[in-house]
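The file structure-v7.csv comes next; it holds CSV, C-alpha atoms.
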```
chain,number,residue,atom,x,y,z
A,1,MET,CA,-49.3,-34.4,138.5
A,2,SER,CA,-52.9,-34.6,139.7
A,3,LYS,CA,-53.7,-31.2,138.1
A,4,ASN,CA,-52.3,-32.5,134.8
A,5,LEU,CA,-54.4,-35.6,135.1
A,6,THR,CA,-57.5,-33.6,135.9
A,7,ARG,CA,-56.8,-31.3,132.9
A,8,CYS,CA,-56.3,-34.3,130.7
A,9,SER,CA,-59.5,-35.9,132.0
A,10,LEU,CA,-61.4,-32.7,131.3
A,11,SER,CA,-59.9,-32.5,127.8
A,12,ILE,CA,-60.8,-36.1,127.0
A,13,ALA,CA,-64.3,-35.5,128.4
A,14,LEU,CA,-64.7,-32.4,126.3
A,15,LEU,CA,-63.4,-34.2,123.2
A,16,LEU,CA,-65.8,-37.1,123.8
A,17,THR,CA,-68.7,-34.7,124.2
A,18,PHE,CA,-67.7,-32.9,121.0
A,19,LEU,CA,-67.4,-36.1,119.1
A,20,ASN,CA,-70.7,-37.4,120.4
A,21,GLY,CA,-72.3,-34.1,119.3
A,22,CYS,CA,-70.7,-34.4,115.9
A,23,ILE,CA,-72.0,-38.0,115.6
A,24,ALA,CA,-75.5,-36.9,116.7
A,25,VAL,CA,-75.5,-34.0,114.1
A,26,ALA,CA,-74.3,-36.4,111.4
A,27,GLN,CA,-77.0,-38.9,112.3
A,28,ALA,CA,-79.6,-36.1,112.4
A,29,SER,CA,-78.5,-34.8,109.0
A,30,SER,CA,-77.9,-38.2,107.4
A,31,PRO,CA,-79.2,-38.4,103.9
A,32,ARG,CA,-82.5,-40.1,103.2
A,33,ARG,CA,-82.3,-43.5,101.6
A,34,ASN,CA,-82.8,-43.6,97.8
A,35,ALA,CA,-83.3,-46.6,95.6
A,36,SER,CA,-79.6,-46.7,94.6
A,37,GLN,CA,-78.6,-47.0,98.2
A,38,LEU,CA,-80.8,-49.9,99.1
A,39,LYS,CA,-80.1,-53.7,99.0
A,40,CYS,CA,-83.8,-54.5,99.0
A,41,THR,CA,-86.9,-53.9,96.9
A,42,PRO,CA,-88.6,-50.9,98.6
A,43,ILE,CA,-92.1,-51.4,99.8
A,44,GLY,CA,-92.9,-47.7,100.4
A,45,ARG,CA,-91.6,-44.2,101.2
A,46,VAL,CA,-91.9,-41.9,104.2
A,47,LEU,CA,-93.7,-38.7,103.1
A,48,ASN,CA,-93.2,-36.4,106.1
A,49,ASN,CA,-90.8,-35.7,108.9
A,50,SER,CA,-92.8,-37.4,111.7
A,51,ASP,CA,-90.5,-40.4,112.2
A,52,ARG,CA,-87.6,-40.3,114.7
A,53,ASN,CA,-85.1,-41.9,112.3
A,54,LEU,CA,-86.4,-41.8,108.7
A,55,LYS,CA,-86.5,-38.4,107.0
A,56,ALA,CA,-89.2,-37.4,104.6
A,57,GLY,CA,-88.4,-39.1,101.3
A,58,SER,CA,-86.7,-42.1,102.8
A,59,LEU,CA,-87.5,-45.5,101.2
A,60,ILE,CA,-88.7,-48.3,103.4
A,61,CYS,CA,-87.5,-51.9,103.2
A,62,PRO,CA,-89.3,-55.0,104.4
A,63,GLY,CA,-88.7,-55.4,108.1
A,64,ASP,CA,-87.9,-51.8,108.7
A,65,ARG,CA,-89.1,-50.3,112.0
A,66,LEU,CA,-91.0,-47.0,112.1
A,67,GLN,CA,-90.9,-44.9,115.3
A,68,PRO,CA,-93.3,-42.0,115.1
A,69,LYS,CA,-92.4,-39.0,117.2
A,70,SER,CA,-94.7,-38.4,120.2
A,71,GLY,CA,-98.1,-37.2,119.1
A,72,ARG,CA,-97.1,-37.3,115.4
A,73,THR,CA,-98.4,-39.3,112.4
A,74,VAL,CA,-96.1,-40.8,109.9
A,75,GLU,CA,-97.4,-40.9,106.3
A,76,VAL,CA,-96.2,-43.8,104.2
A,77,LEU,CA,-96.8,-44.3,100.5
A,78,CYS,CA,-97.0,-48.1,99.9
A,79,TYR,CA,-95.9,-49.2,96.5
A,80,LEU,CA,-97.3,-52.8,96.5
A,81,ASN,CA,-101.0,-51.7,97.0
A,82,GLN,CA,-100.8,-48.0,96.1
A,83,GLN,CA,-102.2,-47.0,99.5
A,84,ILE,CA,-101.2,-44.2,101.9
A,85,LEU,CA,-100.9,-45.3,105.6
A,86,GLN,CA,-101.3,-42.9,108.5
A,87,LEU,CA,-99.2,-44.4,111.3
A,88,LYS,CA,-99.5,-43.3,114.9
A,89,GLY,CA,-98.4,-44.4,118.3
A,90,GLY,CA,-95.2,-46.2,119.3
A,91,ASN,CA,-93.3,-48.8,117.3
A,92,ALA,CA,-95.3,-49.2,114.0
A,93,THR,CA,-93.6,-52.3,112.6
A,94,ASP,CA,-96.8,-54.3,112.5
A,95,GLN,CA,-98.7,-51.5,110.9
A,96,LEU,CA,-96.3,-51.7,107.9
A,97,ASN,CA,-98.1,-54.9,107.0
A,98,GLY,CA,-100.5,-52.5,105.4
A,99,CYS,CA,-97.9,-52.1,102.6
A,100,LEU,CA,-98.3,-55.7,101.6
A,101,PRO,CA,-99.9,-56.4,98.2
A,102,ARG,CA,-103.6,-57.1,98.4
A,103,ALA,CA,-103.8,-59.1,95.2
A,104,ALA,CA,-101.6,-59.7,92.1
A,105,ARG,CA,-102.2,-57.1,89.5
A,106,PHE,CA,-101.6,-59.5,86.6
A,107,LYS,CA,-104.0,-62.5,86.3
A,108,PRO,CA,-102.9,-65.5,84.3
A,109,CYS,CA,-103.6,-64.9,80.6
A,110,THR,CA,-103.6,-68.3,78.9
A,111,PRO,CA,-105.4,-70.0,76.0
A,112,GLU,CA,-107.5,-71.7,78.6
A,113,ASN,CA,-108.2,-68.5,80.5
A,114,ARG,CA,-108.7,-65.9,77.9
A,115,SER,CA,-111.1,-63.9,80.1
A,116,ALA,CA,-108.2,-62.9,82.2
A,117,CYS,CA,-106.4,-61.3,79.2
A,118,PRO,CA,-106.4,-57.5,78.8
A,119,LYS,CA,-108.6,-56.0,76.1
A,120,PHE,CA,-106.3,-55.8,73.1
A,121,LYS,CA,-105.9,-52.5,71.2
A,122,GLY,CA,-104.3,-53.7,68.1
A,123,PRO,CA,-105.5,-52.7,64.7
A,124,GLY,CA,-106.4,-56.2,63.7
A,125,GLU,CA,-105.7,-58.1,60.5
A,126,GLY,CA,-104.9,-56.0,57.5
A,127,ASN,CA,-104.5,-52.8,59.5
A,128,ASN,CA,-108.0,-51.8,58.5
A,129,THR,CA,-109.2,-50.2,61.8
A,130,PRO,CA,-107.9,-47.0,63.5
A,131,ALA,CA,-107.8,-48.7,66.9
A,132,ILE,CA,-107.3,-46.0,69.6
A,133,ILE,CA,-104.1,-46.3,71.5
A,134,SER,CA,-104.3,-43.3,73.8
A,135,PRO,CA,-105.9,-42.4,76.1
A,136,TYR,CA,-104.6,-45.7,77.4
A,137,SER,CA,-107.5,-46.5,79.7
A,138,SER,CA,-111.1,-45.4,80.5
A,139,ALA,CA,-110.1,-43.5,83.7
A,140,LEU,CA,-108.6,-40.1,82.9
A,141,LEU,CA,-107.2,-37.2,84.8
A,142,ASN,CA,-106.0,-35.0,82.0
A,143,ARG,CA,-108.8,-32.8,80.6
A,144,ARG,CA,-107.0,-32.3,77.3
A,145,PRO,CA,-105.6,-35.7,76.5
A,146,THR,CA,-103.5,-36.5,73.4
A,147,ILE,CA,-105.4,-38.9,71.1
A,148,SER,CA,-103.5,-41.5,69.1
A,149,TRP,CA,-104.4,-44.5,67.0
A,150,TYR,CA,-103.0,-47.2,64.7
A,151,ALA,CA,-102.6,-46.3,61.1
A,152,VAL,CA,-105.0,-47.8,58.6
A,153,THR,CA,-103.6,-49.1,55.3
A,154,HIS,CA,-104.3,-46.7,52.4
A,155,ALA,CA,-106.1,-44.2,54.6
A,156,THR,CA,-105.6,-40.6,53.4
A,157,SER,CA,-106.9,-38.8,56.4
A,158,TYR,CA,-108.6,-39.3,59.8
A,159,THR,CA,-111.6,-37.6,61.4
A,160,VAL,CA,-111.5,-37.4,65.2
A,161,ARG,CA,-114.6,-36.5,67.2
A,162,ALA,CA,-115.2,-36.0,70.9
A,163,ILE,CA,-118.7,-35.8,72.3
A,164,GLY,CA,-120.1,-35.5,75.9
A,165,GLN,CA,-121.1,-33.0,78.5
A,166,GLY,CA,-120.1,-29.5,77.2
A,167,VAL,CA,-118.0,-31.0,74.4
A,168,ASP,CA,-118.8,-31.7,70.8
A,169,TRP,CA,-116.1,-31.2,68.2
A,170,GLN,CA,-114.4,-32.9,65.3
A,171,VAL,CA,-111.3,-32.3,63.2
A,172,VAL,CA,-109.7,-33.9,60.2
A,173,VAL,CA,-106.0,-34.7,60.3
A,174,LYS,CA,-103.4,-36.5,58.2
A,175,GLU,CA,-101.3,-37.8,61.0
A,176,ARG,CA,-102.3,-40.5,63.5
A,177,VAL,CA,-101.7,-38.4,66.6
A,178,LEU,CA,-103.9,-35.4,67.7
A,179,THR,CA,-103.0,-32.9,70.4
A,180,TYR,CA,-106.3,-31.9,72.0
A,181,PRO,CA,-107.5,-28.8,70.1
A,182,LYS,CA,-106.7,-25.6,72.0
A,183,ASN,CA,-109.8,-23.8,70.6
A,184,GLN,CA,-112.2,-26.5,72.0
A,185,PRO,CA,-113.6,-26.7,75.5
A,186,ALA,CA,-111.7,-29.2,77.8
A,187,LEU,CA,-113.3,-32.4,79.1
A,188,GLN,CA,-115.1,-31.8,82.4
A,189,PHE,CA,-114.3,-33.7,85.6
A,190,GLY,CA,-116.9,-36.4,86.6
A,191,ASN,CA,-118.2,-36.9,83.1
A,192,ALA,CA,-117.9,-39.5,80.4
A,193,TYR,CA,-116.9,-38.8,76.8
A,194,LYS,CA,-116.9,-40.8,73.6
A,195,ILE,CA,-113.9,-40.4,71.3
A,196,THR,CA,-114.2,-41.7,67.8
A,197,VAL,CA,-111.6,-42.0,65.1
A,198,ILE,CA,-112.7,-42.5,61.5
A,199,ALA,CA,-110.3,-43.6,58.7
A,200,ASN,CA,-111.0,-41.9,55.4
A,201,ARG,CA,-109.9,-42.8,51.9
A,202,ASN,CA,-110.2,-39.7,49.8
A,203,ASP,CA,-113.9,-38.7,50.4
A,204,SER,CA,-115.1,-42.0,51.8
A,205,SER,CA,-115.1,-43.4,55.3
A,206,VAL,CA,-113.4,-46.7,55.5
A,207,SER,CA,-113.6,-47.8,59.2
A,208,ALA,CA,-113.9,-46.4,62.7
A,209,SER,CA,-112.9,-47.0,66.2
A,210,SER,CA,-114.4,-45.6,69.5
A,211,ALA,CA,-113.5,-45.4,73.1
A,212,VAL,CA,-115.3,-44.0,76.2
A,213,VAL,CA,-113.2,-42.1,78.8
A,214,ASN,CA,-114.4,-41.1,82.3
A,215,LEU,CA,-112.9,-38.1,83.9
A,216,VAL,CA,-112.3,-38.6,87.6
A,217,PRO,CA,-114.5,-36.5,90.0
A,218,GLU,CA,-113.1,-33.0,90.7
A,219,ASN,CA,-112.4,-33.7,94.4
A,220,ASN,CA,-110.4,-36.8,93.4
A,221,ALA,CA,-108.4,-34.7,90.9
A,222,GLN,CA,-107.6,-32.2,93.7
A,223,LYS,CA,-106.4,-34.9,96.0
A,224,ILE,CA,-104.2,-36.5,93.4
A,225,ALA,CA,-102.8,-33.1,92.5
A,226,ALA,CA,-101.9,-32.5,96.2
A,227,ARG,CA,-100.1,-35.8,96.4
A,228,ILE,CA,-98.2,-35.2,93.2
A,229,LYS,CA,-97.1,-31.8,94.5
A,230,GLN,CA,-96.0,-33.5,97.8
A,231,ILE,CA,-93.8,-35.9,95.8
A,232,HIS,CA,-92.3,-33.1,93.7
A,233,ASN,CA,-91.5,-31.1,96.9
A,234,LEU,CA,-89.4,-34.0,98.1
A,235,SER,CA,-86.9,-33.3,95.2
A,236,LEU,CA,-86.5,-37.0,94.6
A,237,PRO,CA,-84.4,-38.4,91.7
A,238,LYS,CA,-86.7,-38.0,88.7
A,239,ASP,CA,-86.6,-41.5,87.4
A,240,GLU,CA,-87.1,-42.9,90.9
A,241,ALA,CA,-90.1,-40.7,91.5
A,242,ALA,CA,-91.6,-41.6,88.2
A,243,PHE,CA,-91.5,-45.4,88.5
A,244,LEU,CA,-92.1,-45.6,92.2
A,245,ASP,CA,-94.1,-42.7,93.7
A,246,LEU,CA,-96.0,-41.1,90.8
A,247,ASP,CA,-96.8,-44.5,89.4
A,248,ALA,CA,-98.2,-45.6,92.7
A,249,ILE,CA,-100.3,-42.5,93.1
A,250,TYR,CA,-101.7,-42.7,89.6
A,251,MET,CA,-102.3,-46.4,89.7
A,252,SER,CA,-104.3,-46.1,92.9
A,253,GLN,CA,-107.0,-44.6,90.7
A,254,ASN,CA,-106.2,-46.8,87.7
A,255,LEU,CA,-104.9,-43.8,85.7
A,256,LEU,CA,-102.8,-45.7,83.2
A,257,SER,CA,-102.7,-42.8,80.8
A,258,GLU,CA,-101.1,-40.5,83.4
A,259,THR,CA,-98.4,-43.0,84.5
A,260,ILE,CA,-97.6,-44.1,81.0
A,261,ASN,CA,-97.2,-40.5,79.9
A,262,THR,CA,-95.0,-39.7,82.9
A,263,LEU,CA,-92.7,-42.8,82.3
A,264,ASN,CA,-92.5,-42.0,78.6
A,265,GLY,CA,-91.5,-38.4,79.5
A,266,ARG,CA,-88.5,-39.8,81.5
A,267,ALA,CA,-87.6,-42.1,78.6
A,268,LYS,CA,-87.7,-39.2,76.1
A,269,ALA,CA,-85.4,-37.3,78.6
A,270,GLY,CA,-82.8,-40.0,78.1
A,271,SER,CA,-83.3,-42.2,81.1
A,272,ARG,CA,-80.9,-45.2,81.3
A,273,ASN,CA,-82.7,-46.8,84.3
A,274,PRO,CA,-83.8,-50.3,83.4
A,275,THR,CA,-86.5,-50.3,86.1
A,276,LEU,CA,-88.3,-47.4,84.5
A,277,TYR,CA,-88.6,-49.2,81.2
A,278,ARG,CA,-89.6,-52.5,82.9
A,279,VAL,CA,-92.4,-50.7,84.7
A,280,LEU,CA,-93.4,-48.9,81.5
A,281,GLY,CA,-93.6,-52.4,79.9
A,282,ASP,CA,-95.9,-53.5,82.7
A,283,ARG,CA,-98.2,-50.6,82.2
A,284,TYR,CA,-98.4,-51.0,78.5
A,285,LEU,CA,-99.3,-54.7,79.0
A,286,GLU,CA,-102.1,-53.6,81.4
A,287,ALA,CA,-103.3,-51.2,78.7
A,288,GLY,CA,-103.7,-54.1,76.2
A,289,LEU,CA,-100.6,-53.1,74.2
A,290,PRO,CA,-98.3,-56.2,74.1
A,291,LYS,CA,-96.3,-54.9,71.1
A,292,GLU,CA,-95.4,-51.7,73.0
A,293,ALA,CA,-94.7,-53.7,76.1
A,294,LYS,CA,-92.2,-56.0,74.3
A,295,ARG,CA,-90.3,-52.9,73.1
A,296,GLU,CA,-89.9,-51.5,76.6
A,297,TYR,CA,-89.1,-54.9,78.2
A,298,ALA,CA,-86.3,-55.4,75.6
A,299,THR,CA,-84.9,-51.9,76.4
A,300,ALA,CA,-85.0,-52.8,80.1
A,301,ALA,CA,-83.2,-56.1,79.5
A,302,ARG,CA,-80.5,-54.4,77.5
A,303,LEU,CA,-79.9,-51.6,80.0
A,304,ALA,CA,-79.9,-54.1,82.9
A,305,ALA,CA,-77.4,-56.4,81.2
A,306,ALA,CA,-75.1,-53.4,80.5
A,307,VAL,CA,-74.8,-52.6,84.2
A,308,ASN,CA,-75.0,-56.3,85.4
A,309,ASN,CA,-78.3,-55.7,87.2
A,310,SER,CA,-79.4,-59.3,87.4
A,311,THR,CA,-82.6,-58.6,89.3
A,312,GLU,CA,-84.0,-56.2,86.7
A,313,LEU,CA,-82.7,-58.4,83.9
A,314,ALA,CA,-84.7,-61.3,85.3
A,315,LYS,CA,-87.8,-59.2,85.7
A,316,ALA,CA,-87.5,-57.8,82.2
A,317,ARG,CA,-87.2,-61.3,80.7
A,318,ILE,CA,-90.3,-62.5,82.6
A,319,GLY,CA,-92.1,-59.4,81.2
A,320,LEU,CA,-91.0,-60.3,77.7
A,321,ARG,CA,-92.2,-63.9,78.0
A,322,ARG,CA,-95.6,-62.6,79.3
A,323,ALA,CA,-95.9,-60.1,76.6
A,324,ASN,CA,-95.1,-62.7,73.9
A,325,ALA,CA,-97.6,-65.1,75.3
A,326,ILE,CA,-100.3,-62.4,75.4
A,327,ALA,CA,-99.4,-61.2,71.9
A,328,ASN,CA,-99.9,-64.8,70.6
A,329,LEU,CA,-103.5,-64.7,71.9
A,330,GLN,CA,-104.2,-61.4,70.2
A,331,PRO,CA,-106.9,-61.8,67.6
A,332,GLY,CA,-106.1,-60.9,64.0
```
What's the structure tokens form of this structure?
Amino acid sequence: MSKNLTRCSLSIALLLTFLNGCIAVAQASSPRRNASQLKCTPIGRVLNNSDRNLKAGSLICPGDRLQPKSGRTVEVLCYLNQQILQLKGGNATDQLNGCLPRAARFKPCTPENRSACPKFKGPGEGNNTPAIISPYSSALLNRRPTISWYAVTHATSYTVRAIGQGVDWQVVVKERVLTYPKNQPALQFGNAYKITVIANRNDSSVSASSAVVNLVPENNAQKIAARIKQIHNLSLPKDEAAFLDLDAIYMSQNLLSETINTLNGRAKAGSRNPTLYRVLGDRYLEAGLPKEAKREYATAARLAAAVNNSTELAKARIGLRRANAIANLQPG
């Protein structure tokens, strides 16, 4: 009897050891947390495997506790202020305060406070100016950017010119979008360039619009490229990476063109994620393009309503109201 009890006890002990081992393995190999698995608005993402509990690629919620491994540094990309934290030591809960926003990106744009409104890019009354749409901002990473502008009524062609360090070219096109000419030298990092679009009617120039773009310094470009590669290596859901991680990295350098192009790429790929379109609306609004922003907010609202996402629906409606208010202040 005692031998049977001993064998039974040993069997139970072995079983418990086996189960504990399985649980430990399951915990160690538990999937990282993606946006669809969270019940919070994430404030950041763990970028490496230096935390005891959160794998590289895991999203962080407000109130989460980081526990760096001994002698290791946890890298966290913060979404609210586009900063990357290097967290060391023991429990790093307090250090996550570094992920809190430093200041609201949008300032009130009202009839009484027009100085806070973005610079509008619209064509003006009568569509008589080829106002440049893209590049979307003066800061630029892409050395061969696509150039686009608003159509001018009765224009028969457009002359596009770029001039600056090592660059001086012009081409005549019928369309209102120009892919950077392959046979021309690329823009150089760390330099400023003037892009001009001239509207022509037959052989006469009708009107013109210019914009100055500044290429980021080469060392900044290399750092950004390394971070983008790091995000791609995490194999995140593509929409999530676009509107959370890549957007944060680009916006840390005010690279509106890069993030708008990235988000548009996902939209063209058929994304049905309302957050992606809502963030795209935000970025268009920052670029001074309320008409384009309204289009994206409307899409975000429709997609959010279709899946009963009340949070994104509310944000999209707020964006629409903001875009309409700003559009009403637009001259012309």
Notebook entry, point to check: Which value, in Å to one decimal, gives the distance between CA of Gly57 in chain A and CA of Cys99 in chain A?
Noted result: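 Separating CA of Gly57 in chain A from CA of Cys99 in chain A is a distance of 16.2 Å.
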Open item on the list: Could you list, as a list of chain:residue names, every residue within 9 Å of Val76 in chain A, counting all atoms listed in the file and ignoring same-chain residues fewer than 2 positions away?
Closed with: A:Gly44, A:Arg45, A:Val46, A:Leu47, A:Asn48, A:Ile60, A:Val74, A:Cys78, A:Gln83, A:Ile84, A:Leu85, A:Gln86, A:Leu87, A:Leu96, A:Cys99
Taken to one decimal, the CA of Ala327 in chain A-CA of Ala305 in chain A distance is 24.4 Å
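Distances to Glu286 in chain A were evaluated for A:Asn220, A:Ser207, A:Ser137, A:Asn273 using only C-alpha atoms, and the minimum falls at A:Ser137.
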*asked:* as a ChimeraX atom specification, please: the residues near Leu66 in chain A (cut-off 12 Å, only C-alpha atoms, same-chain neighbours under 3 positions excluded).
replied: /A:44-46,49-55,58-63,69,72-76,85-97
